[in-house]
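Colleague: Below are the structure tokens for one structure; questions will follow.
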Amino acid sequence: MSVPNIGPGWAFAVRLLLVAAVPVVIIFVSLRIVLVPWYLQFEYSRAGFATDASGFTDAERLQYARTAIDYLMAAAGDTRLKDANAANGQPLYNERELSHMVDVQVVVQSVLRVGQLAALVLGGGALMLGFMRQYHDLRTGLLWGAIGLVAGLLLLLAYIGINFESFFTNFHQVFFASGTWTFEYTDTLIRLFPIQFWADVSVLVVAAALAQGALLWWAAASWFR
């Protein structure tokens with residue numbers, strides 16, 4: 001049985017889609033690692049992680065943080081944060097915090113949708129090239145996607161290591177309006193997610209993506225010859 005040939009032009013186009021999709025999918029997978037309950041437990045119990053100086057117990061902090069993460073994964077209009085109260089009966093979040101979390105939810109949901117779409121593109125493109133026996137294009141697409149990801153992440157990791165505060169500020173300025181993402185140290189969001197938390201998250205996401213990219217680079221270079 002002969003296999004239809006999709007032609008060099010189509011194969012090249014699919015190859016470019018793979019190059020673009022590989023970094024998105026790997027970063028998407030890495031981000032999902034920190035959006036699961038076990039990561040909060042790991043982070044809060046890690047030696048050296050600061051306790052809350054304003055009075056949350058470890059159990060309360062973990063409970064409130066899990067609720068915040070669950071909110072980010074919920075549908076728009078979810079009211080669990082607006083309805084959340086501290087042990088003394090006072091609302092956990094002020095209006096500025098609630099407004100920011102709505103913005104964060106929109107960003108997270110958008111990133112998840114883009115990641116899922118990229119996964120479909122990557123899987124569909126790889127299957128198409130494999131079925132059409134365009135193994136060179138399959139290998140090249142995966143290889144250059146991995147190389148581009150690794151190179152970009154190494155630069156990003158260096159930037160984070162040199163000046164995390166600059167990275168943190170620039171990241172927020174890309175996704176959020178100025179003045180909407182800064183809070184007091186006594187606000188719940190800062191008490192649950194201090195700067196140390198975000199530094200750890202950034203390093204974990206970049207390191208996880210770097211490991212996946214390096215593994216794919218090696219696999220594509222070694223197996224698809």
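For the structure tokens, the naming scheme is as follows: chains receive sequential letters (A, B, ...) according to their order of presentation, residues are indexed from 1 within each chain, and ligands are indexed from 1 in presentation order.
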Quick one: everything within 12 Å of range 142-157 of chain A, counting only C-alpha atoms, minus sequence neighbours fewer than 5 positions away in the same chain. Send it as a CSV table (one decimal) with N, CA, C and O atoms, in the first residue's frame.
Modeller:
chain,number,residue,atom,x,y,z
A,14,VAL,N,4.2,22.1,8.1
A,14,VAL,CA,4.0,21.3,9.3
A,14,VAL,C,5.2,21.3,10.2
A,14,VAL,O,5.1,21.4,11.4
A,15,ARG,N,6.4,21.3,9.6
A,15,ARG,CA,7.6,21.3,10.4
A,15,ARG,C,7.7,22.6,11.1
A,15,ARG,O,8.1,22.6,12.3
A,16,LEU,N,7.4,23.7,10.5
A,16,LEU,CA,7.4,25.0,11.2
A,16,LEU,C,6.4,25.1,12.3
A,16,LEU,O,6.6,25.6,13.4
A,17,LEU,N,5.2,24.4,12.1
A,17,LEU,CA,4.2,24.4,13.2
A,17,LEU,C,4.8,23.6,14.4
A,17,LEU,O,4.6,24.0,15.6
A,18,LEU,N,5.5,22.5,14.1
A,18,LEU,CA,6.1,21.8,15.2
A,18,LEU,C,7.2,22.6,16.0
A,18,LEU,O,7.2,22.6,17.2
A,19,VAL,N,8.0,23.3,15.2
A,19,VAL,CA,9.0,24.2,15.9
A,19,VAL,C,8.3,25.2,16.8
A,19,VAL,O,8.8,25.4,17.9
A,20,ALA,N,7.2,25.8,16.4
A,20,ALA,CA,6.5,26.7,17.2
A,20,ALA,C,5.7,26.1,18.4
A,20,ALA,O,5.6,26.7,19.5
A,21,ALA,N,5.2,24.9,18.1
A,21,ALA,CA,4.4,24.2,19.2
A,21,ALA,C,5.2,23.6,20.3
A,21,ALA,O,4.7,23.6,21.4
A,22,VAL,N,6.3,23.1,20.0
A,22,VAL,CA,7.1,22.4,21.0
A,22,VAL,C,7.4,23.3,22.2
A,22,VAL,O,7.1,22.8,23.4
A,23,PRO,N,7.9,24.5,22.1
A,23,PRO,CA,8.1,25.3,23.3
A,23,PRO,C,6.9,25.6,24.1
A,23,PRO,O,6.8,25.6,25.3
A,24,VAL,N,5.8,25.9,23.4
A,24,VAL,CA,4.5,26.2,24.1
A,24,VAL,C,4.0,25.0,24.9
A,24,VAL,O,3.6,25.1,26.0
A,25,VAL,N,4.1,23.8,24.3
A,25,VAL,CA,3.6,22.6,25.0
A,25,VAL,C,4.4,22.3,26.2
A,25,VAL,O,3.9,22.0,27.3
A,26,ILE,N,5.7,22.4,26.1
A,26,ILE,CA,6.6,22.1,27.2
A,26,ILE,C,6.4,23.1,28.3
A,26,ILE,O,6.4,22.7,29.5
A,27,ILE,N,6.3,24.4,28.0
A,27,ILE,CA,6.1,25.4,29.0
A,27,ILE,C,4.7,25.2,29.7
A,27,ILE,O,4.5,25.3,30.9
A,122,LEU,N,0.8,20.0,17.9
A,122,LEU,CA,2.0,19.2,18.0
A,122,LEU,C,1.7,17.7,17.7
A,122,LEU,O,2.4,17.1,16.9
A,123,GLY,N,0.7,17.2,18.4
A,123,GLY,CA,0.3,15.8,18.2
A,123,GLY,C,-0.2,15.5,16.8
A,123,GLY,O,0.3,14.5,16.1
A,125,GLY,N,0.4,17.3,14.0
A,125,GLY,CA,1.5,17.5,13.0
A,125,GLY,C,2.5,16.3,13.0
A,125,GLY,O,2.9,15.9,12.0
A,126,ALA,N,2.8,15.9,14.2
A,126,ALA,CA,3.7,14.7,14.3
A,126,ALA,C,3.1,13.5,13.7
A,126,ALA,O,3.8,12.7,13.0
A,129,LEU,N,3.1,13.9,9.8
A,129,LEU,CA,4.4,13.6,9.2
A,129,LEU,C,4.9,12.2,9.3
A,129,LEU,O,5.5,11.6,8.4
A,135,TYR,N,10.0,11.7,7.8
A,135,TYR,CA,10.7,11.6,9.0
A,135,TYR,C,11.7,12.7,9.2
A,135,TYR,O,12.0,13.1,10.3
A,136,HIS,N,12.3,13.1,8.1
A,136,HIS,CA,13.3,14.2,8.2
A,136,HIS,C,12.6,15.5,8.8
A,136,HIS,O,13.2,16.2,9.6
A,137,ASP,N,11.4,15.8,8.2
A,137,ASP,CA,10.7,17.0,8.7
A,137,ASP,C,10.3,16.8,10.1
A,137,ASP,O,10.3,17.8,10.9
A,162,ILE,N,20.1,36.7,37.9
A,162,ILE,CA,20.8,38.0,38.1
A,162,ILE,C,19.9,39.0,38.8
A,162,ILE,O,20.3,39.8,39.7
A,163,ASN,N,18.6,39.1,38.3
A,163,ASN,CA,17.7,40.1,38.9
A,163,ASN,C,16.3,39.6,38.8
A,163,ASN,O,15.5,40.0,37.9
A,164,PHE,N,15.9,38.9,39.8
A,164,PHE,CA,14.5,38.3,39.8
A,164,PHE,C,13.5,39.4,40.0
A,164,PHE,O,12.4,39.3,39.3
A,166,SER,N,13.4,42.4,38.8
A,166,SER,CA,13.2,43.0,37.5
A,166,SER,C,12.4,42.0,36.6
A,166,SER,O,11.4,42.5,35.9
A,167,PHE,N,12.7,40.8,36.6
A,167,PHE,CA,11.9,39.8,35.9
A,167,PHE,C,10.5,39.8,36.3
A,167,PHE,O,9.5,39.8,35.5
A,168,PHE,N,10.3,39.8,37.7
A,168,PHE,CA,8.9,39.7,38.2
A,168,PHE,C,8.1,40.9,37.8
A,168,PHE,O,6.9,40.8,37.4
A,171,PHE,N,7.4,40.9,34.0
A,171,PHE,CA,6.4,39.8,33.7
A,171,PHE,C,5.0,40.4,34.0
A,171,PHE,O,4.0,40.2,33.2
A,199,ALA,N,9.7,33.3,43.3
A,199,ALA,CA,11.0,33.0,42.9
A,199,ALA,C,11.2,31.4,42.7
A,199,ALA,O,11.7,31.0,41.7
A,200,ASP,N,10.7,30.7,43.7
A,200,ASP,CA,10.7,29.2,43.6
A,200,ASP,C,9.9,28.7,42.4
A,200,ASP,O,10.4,27.8,41.7
A,202,SER,N,9.2,30.3,39.7
A,202,SER,CA,9.8,30.6,38.4
A,202,SER,C,11.0,29.7,38.1
A,202,SER,O,11.1,29.2,37.0
A,203,VAL,N,11.8,29.4,39.1
A,203,VAL,CA,12.9,28.5,38.9
A,203,VAL,C,12.4,27.1,38.6
A,203,VAL,O,13.0,26.4,37.7
A,204,LEU,N,11.4,26.6,39.3
A,204,LEU,CA,10.9,25.3,39.0
A,204,LEU,C,10.3,25.1,37.6
A,204,LEU,O,10.6,24.2,36.9
A,205,VAL,N,9.5,26.1,37.2
A,205,VAL,CA,8.9,26.1,35.9
A,205,VAL,C,10.0,26.1,34.8
A,205,VAL,O,10.0,25.3,33.8
A,206,VAL,N,11.0,27.0,34.9
A,206,VAL,CA,12.0,27.0,33.9
A,206,VAL,C,12.9,25.8,33.9
A,206,VAL,O,13.2,25.2,32.9
A,207,ALA,N,13.2,25.3,35.1
A,207,ALA,CA,14.0,24.1,35.2
A,207,ALA,C,13.3,22.9,34.6
A,207,ALA,O,13.9,22.0,33.9
A,208,ALA,N,12.0,22.7,34.9
A,208,ALA,CA,11.3,21.6,34.4
A,208,ALA,C,11.2,21.7,32.9
A,208,ALA,O,11.3,20.7,32.2
A,209,ALA,N,10.9,22.9,32.4
A,209,ALA,CA,10.8,23.0,30.9
A,209,ALA,C,12.2,22.8,30.3
A,209,ALA,O,12.3,22.2,29.2
A,210,LEU,N,13.3,23.2,30.9
A,210,LEU,CA,14.6,23.0,30.4
A,210,LEU,C,14.9,21.6,30.3
A,210,LEU,O,15.5,21.1,29.4
A,211,ALA,N,14.6,20.8,31.4
A,211,ALA,CA,14.8,19.4,31.4
A,211,ALA,C,14.1,18.7,30.2
A,211,ALA,O,14.6,17.8,29.6
A,212,GLN,N,12.8,19.0,30.1
A,212,GLN,CA,12.0,18.4,29.0
A,212,GLN,C,12.6,18.8,27.6
A,212,GLN,O,12.7,18.0,26.7
A,213,GLY,N,13.0,20.1,27.5
A,213,GLY,CA,13.5,20.5,26.2
A,213,GLY,C,14.8,19.8,25.9
A,213,GLY,O,15.1,19.4,24.7
A,214,ALA,N,15.7,19.6,26.9
A,214,ALA,CA,17.0,18.9,26.7
A,214,ALA,C,16.7,17.5,26.3
A,214,ALA,O,17.4,16.9,25.5
A,215,LEU,N,15.8,16.8,27.0
A,215,LEU,CA,15.5,15.4,26.7
A,215,LEU,C,14.9,15.3,25.3
A,215,LEU,O,15.4,14.3,24.6
A,216,LEU,N,14.1,16.2,24.9
A,216,LEU,CA,13.5,16.1,23.5
A,216,LEU,C,14.6,16.4,22.5
A,216,LEU,O,14.7,15.7,21.4
A,217,TRP,N,15.5,17.3,22.8
A,217,TRP,CA,16.7,17.6,21.9
A,217,TRP,C,17.5,16.3,21.7
A,217,TRP,O,17.8,16.0,20.6
A,218,TRP,N,17.8,15.7,22.8
A,218,TRP,CA,18.6,14.5,22.7
A,218,TRP,C,17.9,13.4,22.0
A,218,TRP,O,18.5,12.7,21.1
A,219,ALA,N,16.6,13.2,22.3
A,219,ALA,CA,15.8,12.2,21.6
A,219,ALA,C,15.7,12.4,20.1
A,219,ALA,O,15.9,11.5,19.3
A,220,ALA,N,15.4,13.6,19.7
A,220,ALA,CA,15.2,13.9,18.3
A,220,ALA,C,16.6,13.8,17.6
A,220,ALA,O,16.6,13.3,16.4
A,221,ALA,N,17.7,14.2,18.2
A,221,ALA,CA,19.0,14.1,17.6
A,221,ALA,C,19.5,12.6,17.5
A,221,ALA,O,20.2,12.3,16.6
A,222,SER,N,19.0,11.8,18.4
A,222,SER,CA,19.5,10.4,18.5
A,222,SER,C,18.7,9.4,17.8
A,222,SER,O,19.2,8.4,17.2
A,223,TRP,N,17.4,9.5,17.9
A,223,TRP,CA,16.5,8.4,17.5
A,223,TRP,C,15.9,8.6,16.0
A,223,TRP,O,15.7,7.6,15.4
A,224,PHE,N,15.8,9.8,15.6
A,224,PHE,CA,15.2,10.0,14.3
A,224,PHE,C,16.2,10.3,13.2
A,224,PHE,O,16.4,11.4,12.7
A,225,ARG,N,17.0,9.3,13.0
A,225,ARG,CA,18.1,9.4,12.0
A,225,ARG,C,17.7,8.7,10.7
A,225,ARG,O,17.1,7.7,10.7
Colleague: So that I can check the secondary structure, give me every residue of range 32-223 of chain A assigned helix (DSSP H, G or I) by backbone DSSP, as JSON, numbers by chain.
Modeller: {"A": [32, 33, 37, 38, 39, 40, 41, 42, 43, 44, 45, 58, 59, 60, 61, 62, 63, 64, 65, 66, 67, 68, 69, 70, 71, 72, 73, 95, 96, 97, 98, 99, 100, 101, 102, 103, 104, 105, 106, 107, 108, 109, 110, 111, 112, 113, 114, 115, 116, 117, 118, 119, 120, 121, 122, 123, 124, 125, 126, 127, 128, 129, 130, 131, 135, 136, 137, 138, 139, 140, 141, 142, 143, 144, 145, 146, 147, 148, 149, 150, 151, 152, 153, 154, 155, 156, 157, 158, 159, 160, 161, 162, 164, 165, 166, 167, 168, 169, 170, 171, 172, 173, 174, 175, 188, 189, 190, 191, 192, 195, 196, 197, 198, 199, 200, 201, 202, 203, 204, 205, 206, 207, 208, 209, 210, 211, 212, 213, 214, 215, 216, 217, 218, 219, 220, 221, 222, 223]}
Colleague: Tell me, as a compact mmCIF listing (two decimals) with all heavy atoms, in the first residue's frame, which residues lie within 10 Å of range 89-92 of chain A, counting only C-alpha atoms; anything in the same chain fewer than 6 positions away does not count.
Modeller:
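New file part_31.txt:
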# COMPACT_ATOMS: atom_id res chain seq x y z
N TYR A 64 -6.12 28.23 52.47
CA TYR A 64 -6.47 29.43 51.72
C TYR A 64 -5.76 29.45 50.36
O TYR A 64 -6.34 29.87 49.35
CB TYR A 64 -6.09 30.69 52.50
CG TYR A 64 -6.79 30.82 53.84
CD1 TYR A 64 -6.19 31.53 54.89
CD2 TYR A 64 -8.03 30.24 54.07
CE1 TYR A 64 -6.83 31.67 56.12
CE2 TYR A 64 -8.67 30.37 55.31
CZ TYR A 64 -8.05 31.08 56.33
OH TYR A 64 -8.67 31.21 57.54
N LEU A 81 -13.54 33.13 46.24
CA LEU A 81 -12.65 34.07 46.91
C LEU A 81 -13.43 35.23 47.53
O LEU A 81 -13.10 35.68 48.63
CB LEU A 81 -11.60 34.61 45.93
CG LEU A 81 -10.62 33.61 45.35
CD1 LEU A 81 -9.53 34.33 44.57
CD2 LEU A 81 -10.01 32.72 46.42
N LYS A 82 -14.44 35.70 46.84
CA LYS A 82 -15.26 36.77 47.37
C LYS A 82 -15.98 36.34 48.64
O LYS A 82 -16.21 37.14 49.57
CB LYS A 82 -16.28 37.22 46.32
CG LYS A 82 -17.07 38.45 46.72
CD LYS A 82 -17.97 38.90 45.58
CE LYS A 82 -18.74 40.16 45.96
NZ LYS A 82 -19.62 40.62 44.84
N ASP A 83 -16.33 35.06 48.71
CA ASP A 83 -17.07 34.54 49.86
C ASP A 83 -16.15 34.05 50.97
O ASP A 83 -16.64 33.68 52.06
CB ASP A 83 -17.98 33.38 49.43
CG ASP A 83 -19.02 33.81 48.40
OD1 ASP A 83 -19.34 35.01 48.37
OD2 ASP A 83 -19.48 32.96 47.63
N LEU A 98 -9.28 40.98 44.98
CA LEU A 98 -10.28 40.25 44.20
C LEU A 98 -10.23 40.63 42.73
O LEU A 98 -10.32 39.77 41.85
CB LEU A 98 -11.68 40.53 44.77
CG LEU A 98 -11.97 39.95 46.16
CD1 LEU A 98 -13.31 40.46 46.67
CD2 LEU A 98 -11.97 38.43 46.13
N ASP A 187 -1.66 42.25 53.16
CA ASP A 187 -2.73 41.71 52.33
C ASP A 187 -2.59 40.20 52.22
O ASP A 187 -1.48 39.65 52.23
CB ASP A 187 -2.71 42.34 50.94
CG ASP A 187 -3.19 43.78 50.96
OD1 ASP A 187 -3.89 44.15 51.91
OD2 ASP A 187 -2.86 44.53 50.01
N THR A 188 -3.73 39.54 52.06
CA THR A 188 -3.74 38.07 52.04
C THR A 188 -2.90 37.49 50.92
O THR A 188 -2.18 36.49 51.12
CB THR A 188 -5.20 37.57 51.92
OG1 THR A 188 -5.93 37.97 53.09
CG2 THR A 188 -5.25 36.06 51.81
N LEU A 189 -2.96 38.07 49.74
CA LEU A 189 -2.20 37.51 48.62
C LEU A 189 -0.71 37.49 48.89
O LEU A 189 -0.01 36.53 48.52
CB LEU A 189 -2.49 38.29 47.33
CG LEU A 189 -3.85 38.05 46.68
CD1 LEU A 189 -4.01 38.91 45.43
CD2 LEU A 189 -4.04 36.57 46.34
Colleague: If we count only C-alpha atoms, what is near Gln105 in chain A at a cut-off of 12 Å, once residues fewer than 2 positions away on the same chain are taken out, given as a list in words?
Modeller: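 Non-adjacent residues within range: Ala68, Ile69, Asp70, Tyr71, Leu72, Met73, Ala74, Ala75, Ala76, Gly77, Asp78, Leu81, Leu98, Ser99, His100, Met101, Val102, Asp103, Val107, Val108, Gln109, Ser110, Val111, Leu112, Phe175 and Phe176 of chain A.
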Colleague: Counting only C-alpha atoms, figure out which residue out of A:Val201, A:Ile160, A:Leu192, A:Ala86 gets nearest to Asp52 in chain A.
Modeller: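 Smallest separation from Asp52 in chain A among the options: A:Leu192.
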